[in-house]
>>> print(open('work_25.cif').read())   # mmCIF, C-alpha atoms and all ligand atoms
data_coords
loop_
_atom_site.label_atom_id
_atom_site.label_comp_id
_atom_site.auth_asym_id
_atom_site.auth_seq_id
_atom_site.Cartn_x
_atom_site.Cartn_y
_atom_site.Cartn_z
CA MET A 73 94.38 100.13 64.67
CA ALA A 74 96.16 97.49 66.67
CA HIS A 75 94.71 96.68 70.03
CA ASP A 76 93.65 93.72 72.09
CA ALA A 77 89.97 93.42 71.23
CA ARG A 78 89.20 91.55 74.43
CA GLY A 79 91.01 93.77 76.90
CA ALA A 80 90.16 97.07 78.52
CA ARG A 81 91.12 100.08 76.42
CA PRO A 82 91.61 102.96 78.84
CA ALA A 83 92.58 105.39 76.06
CA GLU A 84 89.09 105.03 74.59
CA ALA A 85 87.46 105.31 77.98
CA GLY A 86 89.21 108.61 78.63
CA LEU A 87 90.07 107.49 82.12
CA THR A 88 92.66 105.15 83.48
CA GLY A 89 92.82 103.36 86.76
CA ALA A 90 95.25 105.93 88.10
CA ASP A 91 92.72 108.78 88.15
CA CYS A 92 89.55 106.75 88.56
CA PRO A 93 87.61 107.31 91.80
CA LEU A 94 86.22 103.78 91.83
CA CYS A 95 89.69 102.28 91.41
CA ARG A 96 90.68 104.27 94.49
CA VAL A 97 87.66 102.95 96.41
CA VAL A 98 88.36 99.33 95.40
CA ALA A 99 92.00 99.73 96.52
CA ALA A 100 91.04 101.42 99.80
CA LEU A 101 88.54 98.68 100.67
CA ARG A 102 90.93 95.82 100.01
CA ASP A 103 91.69 95.60 103.73
CA ALA A 104 89.04 97.89 105.19
CA GLU A 105 85.29 97.93 105.76
CA MET A 106 84.85 101.60 104.85
CA CYS A 107 86.65 104.52 103.22
CA ALA A 108 86.03 108.14 102.28
CA HIS A 109 83.48 108.70 99.51
CA PRO A 110 85.33 109.92 96.40
CA THR A 111 83.02 112.89 95.74
CA GLU A 112 80.74 113.39 98.76
CA ASP A 113 81.46 114.21 102.37
CA ALA A 114 80.50 110.71 103.43
CA LEU A 115 81.77 107.20 103.93
CA VAL A 116 81.66 104.29 101.51
CA ARG A 117 80.72 101.09 103.31
CA LYS A 118 81.60 97.64 102.06
CA ILE A 119 78.94 94.95 102.10
CA ALA A 120 81.02 92.10 100.69
CA ASP A 121 84.10 91.07 98.76
CA LEU A 122 82.98 89.00 95.80
CA PRO A 123 85.13 87.13 93.25
CA ALA A 124 85.07 89.80 90.52
CA SER A 125 83.70 92.78 92.42
CA VAL A 126 83.10 94.61 95.65
CA ALA A 127 79.55 95.26 96.85
CA LEU A 128 79.06 98.68 98.45
CA LEU A 129 76.11 100.22 100.23
CA GLY A 130 74.67 102.91 97.94
CA TYR A 131 74.98 106.54 98.98
CA ASP A 132 71.24 107.22 98.63
CA GLN A 133 69.26 104.98 100.95
CA THR A 134 65.92 106.45 99.91
CA TYR A 135 65.72 102.96 98.41
CA ARG A 136 66.56 100.76 101.37
CA GLY A 137 69.21 98.27 100.35
CA TYR A 138 70.43 100.15 97.26
CA THR A 139 73.79 98.59 96.44
CA LEU A 140 76.63 99.14 93.99
CA ILE A 141 78.55 96.17 92.62
CA VAL A 142 81.89 97.58 91.47
CA ALA A 143 84.19 95.55 89.22
CA ARG A 144 87.59 94.92 90.77
CA ARG A 145 89.26 95.60 87.44
CA HIS A 146 89.11 99.01 85.79
CA ALA A 147 87.02 98.48 82.66
CA THR A 148 84.50 100.69 80.92
CA GLU A 149 82.28 98.24 79.05
CA LEU A 150 81.08 94.78 80.03
CA PHE A 151 82.66 93.31 76.90
CA HIS A 152 86.04 94.69 77.96
CA LEU A 153 86.21 92.07 80.71
CA ARG A 154 87.59 88.75 79.57
CA GLU A 155 85.92 85.44 80.26
CA PRO A 156 85.43 84.05 82.81
CA GLU A 157 85.64 87.43 84.58
CA SER A 158 82.69 89.01 82.76
CA THR A 159 80.42 86.08 83.58
CA GLN A 160 81.66 86.09 87.17
CA TYR A 161 80.92 89.82 87.44
CA PHE A 162 77.37 89.17 86.24
CA GLN A 163 77.01 86.29 88.72
CA ASP A 164 78.22 88.56 91.54
CA MET A 165 75.50 91.06 90.67
CA LEU A 166 72.82 88.35 90.57
CA ARG A 167 73.93 87.05 93.96
CA VAL A 168 73.64 90.50 95.53
CA ALA A 169 70.31 91.19 93.83
CA ARG A 170 68.90 87.92 95.17
CA ALA A 171 70.15 88.77 98.66
CA ILE A 172 68.55 92.23 98.54
CA ALA A 173 65.26 90.71 97.38
CA ASN A 174 65.30 88.15 100.19
CA ALA A 175 66.32 90.71 102.81
CA PHE A 176 63.82 93.46 102.01
CA GLN A 177 61.08 91.94 99.83
CA PRO A 178 60.84 94.92 97.44
CA ARG A 179 58.05 94.97 94.84
CA LYS A 180 60.70 95.16 92.09
CA LEU A 181 64.45 95.43 91.55
CA ASN A 182 66.04 97.86 89.09
CA TYR A 183 69.42 96.99 87.56
CA GLU A 184 71.44 99.74 85.94
CA LEU A 185 74.92 99.87 84.48
CA LEU A 186 75.51 103.36 83.12
CA GLY A 187 79.01 104.72 83.70
CA ASN A 188 78.44 108.15 82.17
CA ALA A 189 79.78 110.00 85.20
CA VAL A 190 82.33 107.40 86.36
CA PRO A 191 83.29 105.03 83.52
CA HIS A 192 84.36 102.11 85.70
CA LEU A 193 81.94 99.17 85.61
CA HIS A 194 79.46 99.40 88.48
CA TRP A 195 75.99 97.91 88.67
CA HIS A 196 73.38 99.88 90.54
CA VAL A 197 70.83 97.54 92.10
CA PHE A 198 67.85 99.51 93.38
CA PRO A 199 65.10 97.82 95.37
CA ARG A 200 61.83 99.54 94.54
CA TYR A 201 59.00 99.79 97.03
CA ALA A 202 55.32 100.62 96.73
CA ASP A 203 55.87 103.71 98.88
CA ASP A 204 59.10 104.96 97.29
CA PRO A 205 59.08 108.45 95.71
CA ASP A 206 57.88 107.36 92.25
CA PRO A 207 57.62 103.57 92.12
CA ARG A 208 56.77 103.26 88.43
CA ARG A 209 59.55 105.55 87.15
CA PRO A 210 63.37 105.29 87.09
CA VAL A 211 65.09 106.46 90.27
CA TRP A 212 67.20 109.22 88.74
CA ASN A 213 65.78 112.59 89.73
CA PRO A 214 68.32 115.38 90.21
CA THR A 215 65.79 117.56 92.06
CA ARG A 216 65.30 115.02 94.85
CA PRO A 217 68.03 115.15 97.48
CA ALA A 218 69.90 111.93 98.26
CA ARG A 219 69.39 110.41 101.69
CA PRO A 220 72.67 109.00 103.00
CA PRO A 221 72.16 106.47 105.78
CA VAL A 222 72.99 107.25 109.39
CA PRO A 223 75.63 104.81 110.71
CA GLU A 224 73.19 102.65 112.67
CA GLU A 225 70.89 102.28 109.68
CA ALA A 226 73.84 101.42 107.41
CA ALA A 227 74.97 98.68 109.78
CA VAL A 228 71.51 97.12 109.97
CA THR A 229 71.04 97.23 106.19
CA ILE A 230 74.48 95.72 105.50
CA ALA A 231 73.90 92.95 108.05
CA ALA A 232 70.52 92.13 106.47
CA ILE A 233 72.05 91.79 102.99
CA ARG A 234 75.02 89.77 104.26
CA ARG A 235 72.68 87.27 105.92
CA HIS A 236 71.32 86.36 102.48
CA LEU A 237 74.53 86.33 100.43
ZN ZN A 301 88.56 102.47 87.71
#
>>> encode(input="work_25.cif", output="structure tokens")
Amino acid sequence: MAHDARGARPAEAGLTGADCPLCRVVAALRDAEMCAHPTEDALVRKIADLPASVALLGYDQTYRGYTLIVARRHATELFHLREPESTQYFQDMLRVARAIANAFQPRKLNYELLGNAVPHLHWHVFPRYADDPDPRRPVWNPTRPARPPVPEEAAVTIAAIRRHL
């Protein structure tokens, strides 16, 4: 099968940029600080534009400072990004993780890159706290309702992360 082994292969991903919710978010935030959430009745808030990604405040602020680092380019797997973009994307994530750690002093950070529901590269960086719902287990628990931030809380959290970027 002929294909570019280094490039993104949307046919294999089963999703192209045209119908990808995260591509829509990246496009909407190019010149805006917030946009409609693609699947929830909520807003997506931008924390920062980074060289290979956009950092967004996570929808569930049960974990204060939870952030998504969404690749600017539609790609499904890390190895689909070419160099130096893949390394830059990793560096973007490290920069945000360090800022979250400095801003909130969590006991641990969790880093996840899954893409089962939305196959567009996005790191989840979860700060974990001693008093969070289950500090020694992964965060994913479908029985626990998400806690979207109220606007004032979102603004304070975003400002705290930005101060350390
Ligand atoms: Zn996409």
>>> closest_atom_pairs(input="work_25.cif", of="chain A", to="ligand ZN 301 (chain A)", cutoff="10 Å", atoms="only C-alpha atoms and all ligand atoms", output="JSON lines")
{"residue": "A:Pro82", "atom": "CA", "partner": "A:ZN301", "partner_atom": "ZN", "distance": 9.4}
{"residue": "A:Leu87", "atom": "CA", "partner": "A:ZN301", "partner_atom": "ZN", "distance": 7.7}
{"residue": "A:Thr88", "atom": "CA", "partner": "A:ZN301", "partner_atom": "ZN", "distance": 6.5}
{"residue": "A:Gly89", "atom": "CA", "partner": "A:ZN301", "partner_atom": "ZN", "distance": 4.5}
{"residue": "A:Ala90", "atom": "CA", "partner": "A:ZN301", "partner_atom": "ZN", "distance": 7.5}
{"residue": "A:Asp91", "atom": "CA", "partner": "A:ZN301", "partner_atom": "ZN", "distance": 7.6}
{"residue": "A:Cys92", "atom": "CA", "partner": "A:ZN301", "partner_atom": "ZN", "distance": 4.5}
{"residue": "A:Pro93", "atom": "CA", "partner": "A:ZN301", "partner_atom": "ZN", "distance": 6.4}
{"residue": "A:Leu94", "atom": "CA", "partner": "A:ZN301", "partner_atom": "ZN", "distance": 4.9}
{"residue": "A:Cys95", "atom": "CA", "partner": "A:ZN301", "partner_atom": "ZN", "distance": 3.9}
{"residue": "A:Arg96", "atom": "CA", "partner": "A:ZN301", "partner_atom": "ZN", "distance": 7.3}
{"residue": "A:Val97", "atom": "CA", "partner": "A:ZN301", "partner_atom": "ZN", "distance": 8.8}
{"residue": "A:Val98", "atom": "CA", "partner": "A:ZN301", "partner_atom": "ZN", "distance": 8.3}
{"residue": "A:Ala99", "atom": "CA", "partner": "A:ZN301", "partner_atom": "ZN", "distance": 9.8}
{"residue": "A:Val142", "atom": "CA", "partner": "A:ZN301", "partner_atom": "ZN", "distance": 9.1}
{"residue": "A:Ala143", "atom": "CA", "partner": "A:ZN301", "partner_atom": "ZN", "distance": 8.3}
{"residue": "A:Arg144", "atom": "CA", "partner": "A:ZN301", "partner_atom": "ZN", "distance": 8.2}
{"residue": "A:Arg145", "atom": "CA", "partner": "A:ZN301", "partner_atom": "ZN", "distance": 6.9}
{"residue": "A:His146", "atom": "CA", "partner": "A:ZN301", "partner_atom": "ZN", "distance": 4.0}
{"residue": "A:Ala147", "atom": "CA", "partner": "A:ZN301", "partner_atom": "ZN", "distance": 6.6}
{"residue": "A:Thr148", "atom": "CA", "partner": "A:ZN301", "partner_atom": "ZN", "distance": 8.1}
{"residue": "A:Val190", "atom": "CA", "partner": "A:ZN301", "partner_atom": "ZN", "distance": 8.1}
{"residue": "A:Pro191", "atom": "CA", "partner": "A:ZN301", "partner_atom": "ZN", "distance": 7.2}
{"residue": "A:His192", "atom": "CA", "partner": "A:ZN301", "partner_atom": "ZN", "distance": 4.7}
{"residue": "A:Leu193", "atom": "CA", "partner": "A:ZN301", "partner_atom": "ZN", "distance": 7.7}
{"residue": "A:His194", "atom": "CA", "partner": "A:ZN301", "partner_atom": "ZN", "distance": 9.6}
>>> closest_residue(input="work_25.cif", among="A:Leu150, A:Ala202, A:Leu185, A:Ile141", to="Ile119 of chain A", atoms="only C-alpha atoms")
A:Ile141
>>> closest_atom_pairs(input="work_25.cif", of="segment 81-193 of chain A", to="segment 208-214 of chain A", cutoff="12 Å", atoms="only C-alpha atoms", output="CSV")
residue,atom,partner,partner_atom,distance
A:Asp132,CA,A:Val211,CA,10.4
A:Gln133,CA,A:Val211,CA,11.6
A:Thr134,CA,A:Val211,CA,9.7
A:Tyr135,CA,A:Val211,CA,8.9
A:Tyr138,CA,A:Val211,CA,10.8
A:Arg179,CA,A:Arg208,CA,10.6
A:Lys180,CA,A:Arg208,CA,9.7
A:Leu181,CA,A:Pro210,CA,10.9
A:Asn182,CA,A:Pro210,CA,8.1
A:Tyr183,CA,A:Pro210,CA,10.3
A:Glu184,CA,A:Pro210,CA,9.9
A:Leu186,CA,A:Trp212,CA,11.6
>>> write_last_selection(input="work_25.cif", atoms="C-alpha atoms", output="PDB file, keeping the file's coordinate frame")
ATOM      1  CA  ASP A 132      71.240 107.220  98.630  1.00  0.00           C
ATOM      2  CA  GLN A 133      69.260 104.980 100.950  1.00  0.00           C
ATOM      3  CA  THR A 134      65.920 106.450  99.910  1.00  0.00           C
ATOM      4  CA  TYR A 135      65.720 102.960  98.410  1.00  0.00           C
ATOM      5  CA  TYR A 138      70.430 100.150  97.260  1.00  0.00           C
ATOM      6  CA  ARG A 179      58.050  94.970  94.840  1.00  0.00           C
ATOM      7  CA  LYS A 180      60.700  95.160  92.090  1.00  0.00           C
ATOM      8  CA  LEU A 181      64.450  95.430  91.550  1.00  0.00           C
ATOM      9  CA  ASN A 182      66.040  97.860  89.090  1.00  0.00           C
ATOM     10  CA  TYR A 183      69.420  96.990  87.560  1.00  0.00           C
ATOM     11  CA  GLU A 184      71.440  99.740  85.940  1.00  0.00           C
ATOM     12  CA  LEU A 186      75.510 103.360  83.120  1.00  0.00           C
TER      13      LEU A 186
END
>>> residues_around(input="work_25.cif", residues="Leu237 of chain A", least_positions_apart="6", cutoff="8 Å", atoms="all atoms listed in the file", output="PyMOL selection string")
chain A and resi 167-168+170-171
>>> write_last_selection(input="work_25.cif", atoms="C-alpha atoms", output="short mmCIF file (atom, residue, chain, number, x, y, z; two decimals), in the frame of the given file")
data_model
loop_
_atom_site.label_atom_id
_atom_site.label_comp_id
_atom_site.auth_asym_id
_atom_site.auth_seq_id
_atom_site.Cartn_x
_atom_site.Cartn_y
_atom_site.Cartn_z
CA ARG A 167 73.93 87.05 93.96
CA VAL A 168 73.64 90.50 95.53
CA ARG A 170 68.90 87.92 95.17
CA ALA A 171 70.15 88.77 98.66
#
>>> atom_distance(input="work_25.cif", atom1="atom CA of Glu105 of chain A", atom2="atom CA of Glu157 of chain A")
23.6 Å
>>> atom_distance(input="work_25.cif", atom1="atom CA of Asp113 of chain A", atom2="atom CA of Ala169 of chain A")
27.0 Å
>>> atom_distance(input="work_25.cif", atom1="atom CA of Asp164 of chain A", atom2="atom CA of Leu122 of chain A")
6.4 Å
>>> closest_residue(input="work_25.cif", among="A:Gly187, A:Met106, A:Tyr201, A:Ala124", to="Pro156 of chain A", atoms="all atoms listed in the file")
A:Ala124
>>> build_atoms(input="work_25.cif", residues="segment 183-217 of chain A", atoms="N, CA and C atoms", output="mmCIF file, in the coordinates of the input")
data_model
loop_
_atom_site.group_PDB
_atom_site.id
_atom_site.type_symbol
_atom_site.label_atom_id
_atom_site.label_comp_id
_atom_site.auth_asym_id
_atom_site.auth_seq_id
_atom_site.Cartn_x
_atom_site.Cartn_y
_atom_site.Cartn_z
ATOM 1 N N TYR A 183 68.001 97.276 87.807
ATOM 2 C CA TYR A 183 69.420 96.990 87.560
ATOM 3 C C TYR A 183 69.906 98.010 86.541
ATOM 4 N N GLU A 184 70.952 98.743 86.892
ATOM 5 C CA GLU A 184 71.440 99.740 85.940
ATOM 6 C C GLU A 184 72.952 99.693 85.893
ATOM 7 N N LEU A 185 73.483 99.798 84.682
ATOM 8 C CA LEU A 185 74.920 99.870 84.480
ATOM 9 C C LEU A 185 75.131 100.988 83.468
ATOM 10 N N LEU A 186 75.498 102.151 83.958
ATOM 11 C CA LEU A 186 75.510 103.360 83.120
ATOM 12 C C LEU A 186 76.948 103.799 82.850
ATOM 13 N N GLY A 187 77.606 104.355 83.857
ATOM 14 C CA GLY A 187 79.010 104.720 83.700
ATOM 15 C C GLY A 187 79.252 106.018 82.964
ATOM 16 N N ASN A 188 78.231 106.863 82.856
ATOM 17 C CA ASN A 188 78.440 108.150 82.170
ATOM 18 C C ASN A 188 79.261 109.103 83.007
ATOM 19 N N ALA A 189 79.034 109.102 84.311
ATOM 20 C CA ALA A 189 79.780 110.000 85.200
ATOM 21 C C ALA A 189 81.112 109.374 85.611
ATOM 22 N N VAL A 190 81.104 108.105 85.950
ATOM 23 C CA VAL A 190 82.330 107.400 86.360
ATOM 24 C C VAL A 190 82.429 106.131 85.508
ATOM 25 N N PRO A 191 83.258 106.163 84.443
ATOM 26 C CA PRO A 191 83.290 105.030 83.520
ATOM 27 C C PRO A 191 84.155 103.868 83.994
ATOM 28 N N HIS A 192 83.781 103.335 85.145
ATOM 29 C CA HIS A 192 84.360 102.110 85.700
ATOM 30 C C HIS A 192 83.160 101.240 86.015
ATOM 31 N N LEU A 193 83.124 100.020 85.506
ATOM 32 C CA LEU A 193 81.940 99.170 85.610
ATOM 33 C C LEU A 193 81.390 99.130 87.033
ATOM 34 N N HIS A 194 80.138 99.530 87.185
ATOM 35 C CA HIS A 194 79.460 99.400 88.480
ATOM 36 C C HIS A 194 77.967 99.242 88.233
ATOM 37 N N TRP A 195 77.439 98.121 88.700
ATOM 38 C CA TRP A 195 75.990 97.910 88.670
ATOM 39 C C TRP A 195 75.369 98.696 89.801
ATOM 40 N N HIS A 196 74.257 99.339 89.506
ATOM 41 C CA HIS A 196 73.380 99.880 90.540
ATOM 42 C C HIS A 196 72.235 98.881 90.682
ATOM 43 N N VAL A 197 72.009 98.377 91.865
ATOM 44 C CA VAL A 197 70.830 97.540 92.100
ATOM 45 C C VAL A 197 69.941 98.287 93.092
ATOM 46 N N PHE A 198 68.804 98.730 92.578
ATOM 47 C CA PHE A 198 67.850 99.510 93.380
ATOM 48 C C PHE A 198 66.641 98.665 93.720
ATOM 49 N N PRO A 199 66.390 98.396 95.009
ATOM 50 C CA PRO A 199 65.100 97.820 95.370
ATOM 51 C C PRO A 199 64.033 98.917 95.269
ATOM 52 N N ARG A 200 62.915 98.561 94.689
ATOM 53 C CA ARG A 200 61.830 99.540 94.540
ATOM 54 C C ARG A 200 60.644 99.097 95.385
ATOM 55 N N TYR A 201 60.061 100.071 96.070
ATOM 56 C CA TYR A 201 59.000 99.790 97.030
ATOM 57 C C TYR A 201 57.724 100.524 96.630
ATOM 58 N N ALA A 202 56.603 100.004 97.082
ATOM 59 C CA ALA A 202 55.320 100.620 96.730
ATOM 60 C C ALA A 202 55.246 102.056 97.219
ATOM 61 N N ASP A 203 55.962 102.353 98.315
ATOM 62 C CA ASP A 203 55.870 103.710 98.880
ATOM 63 C C ASP A 203 57.129 104.532 98.581
ATOM 64 N N ASP A 204 57.936 104.122 97.587
ATOM 65 C CA ASP A 204 59.100 104.960 97.290
ATOM 66 C C ASP A 204 58.645 106.178 96.470
ATOM 67 N N PRO A 205 59.543 107.154 96.236
ATOM 68 C CA PRO A 205 59.080 108.450 95.710
ATOM 69 C C PRO A 205 58.287 108.371 94.404
ATOM 70 N N ASP A 206 58.601 107.443 93.520
ATOM 71 C CA ASP A 206 57.880 107.360 92.250
ATOM 72 C C ASP A 206 58.036 105.933 91.730
ATOM 73 N N PRO A 207 57.309 104.988 92.309
ATOM 74 C CA PRO A 207 57.620 103.570 92.120
ATOM 75 C C PRO A 207 57.533 103.050 90.692
ATOM 76 N N ARG A 208 56.875 103.757 89.802
ATOM 77 C CA ARG A 208 56.770 103.260 88.430
ATOM 78 C C ARG A 208 57.758 103.938 87.475
ATOM 79 N N ARG A 209 58.604 104.817 87.990
ATOM 80 C CA ARG A 209 59.550 105.550 87.150
ATOM 81 C C ARG A 209 60.974 105.183 87.548
ATOM 82 N N PRO A 210 61.971 105.470 86.679
ATOM 83 C CA PRO A 210 63.370 105.290 87.090
ATOM 84 C C PRO A 210 63.702 106.144 88.313
ATOM 85 N N VAL A 211 64.772 105.776 89.004
ATOM 86 C CA VAL A 211 65.090 106.460 90.270
ATOM 87 C C VAL A 211 65.743 107.821 90.059
ATOM 88 N N TRP A 212 66.346 108.042 88.903
ATOM 89 C CA TRP A 212 67.200 109.220 88.740
ATOM 90 C C TRP A 212 66.365 110.484 88.679
ATOM 91 N N ASN A 213 66.506 111.324 89.672
ATOM 92 C CA ASN A 213 65.780 112.590 89.730
ATOM 93 C C ASN A 213 66.675 113.603 90.418
ATOM 94 N N PRO A 214 67.338 114.461 89.618
ATOM 95 C CA PRO A 214 68.320 115.380 90.210
ATOM 96 C C PRO A 214 67.715 116.402 91.162
ATOM 97 N N THR A 215 66.395 116.578 91.158
ATOM 98 C CA THR A 215 65.790 117.560 92.060
ATOM 99 C C THR A 215 65.499 116.965 93.436
ATOM 100 N N ARG A 216 65.583 115.649 93.551
ATOM 101 C CA ARG A 216 65.300 115.020 94.850
ATOM 102 C C ARG A 216 66.619 114.796 95.584
ATOM 103 N N PRO A 217 66.760 115.323 96.777
ATOM 104 C CA PRO A 217 68.030 115.150 97.480
ATOM 105 C C PRO A 217 68.266 113.686 97.873
#
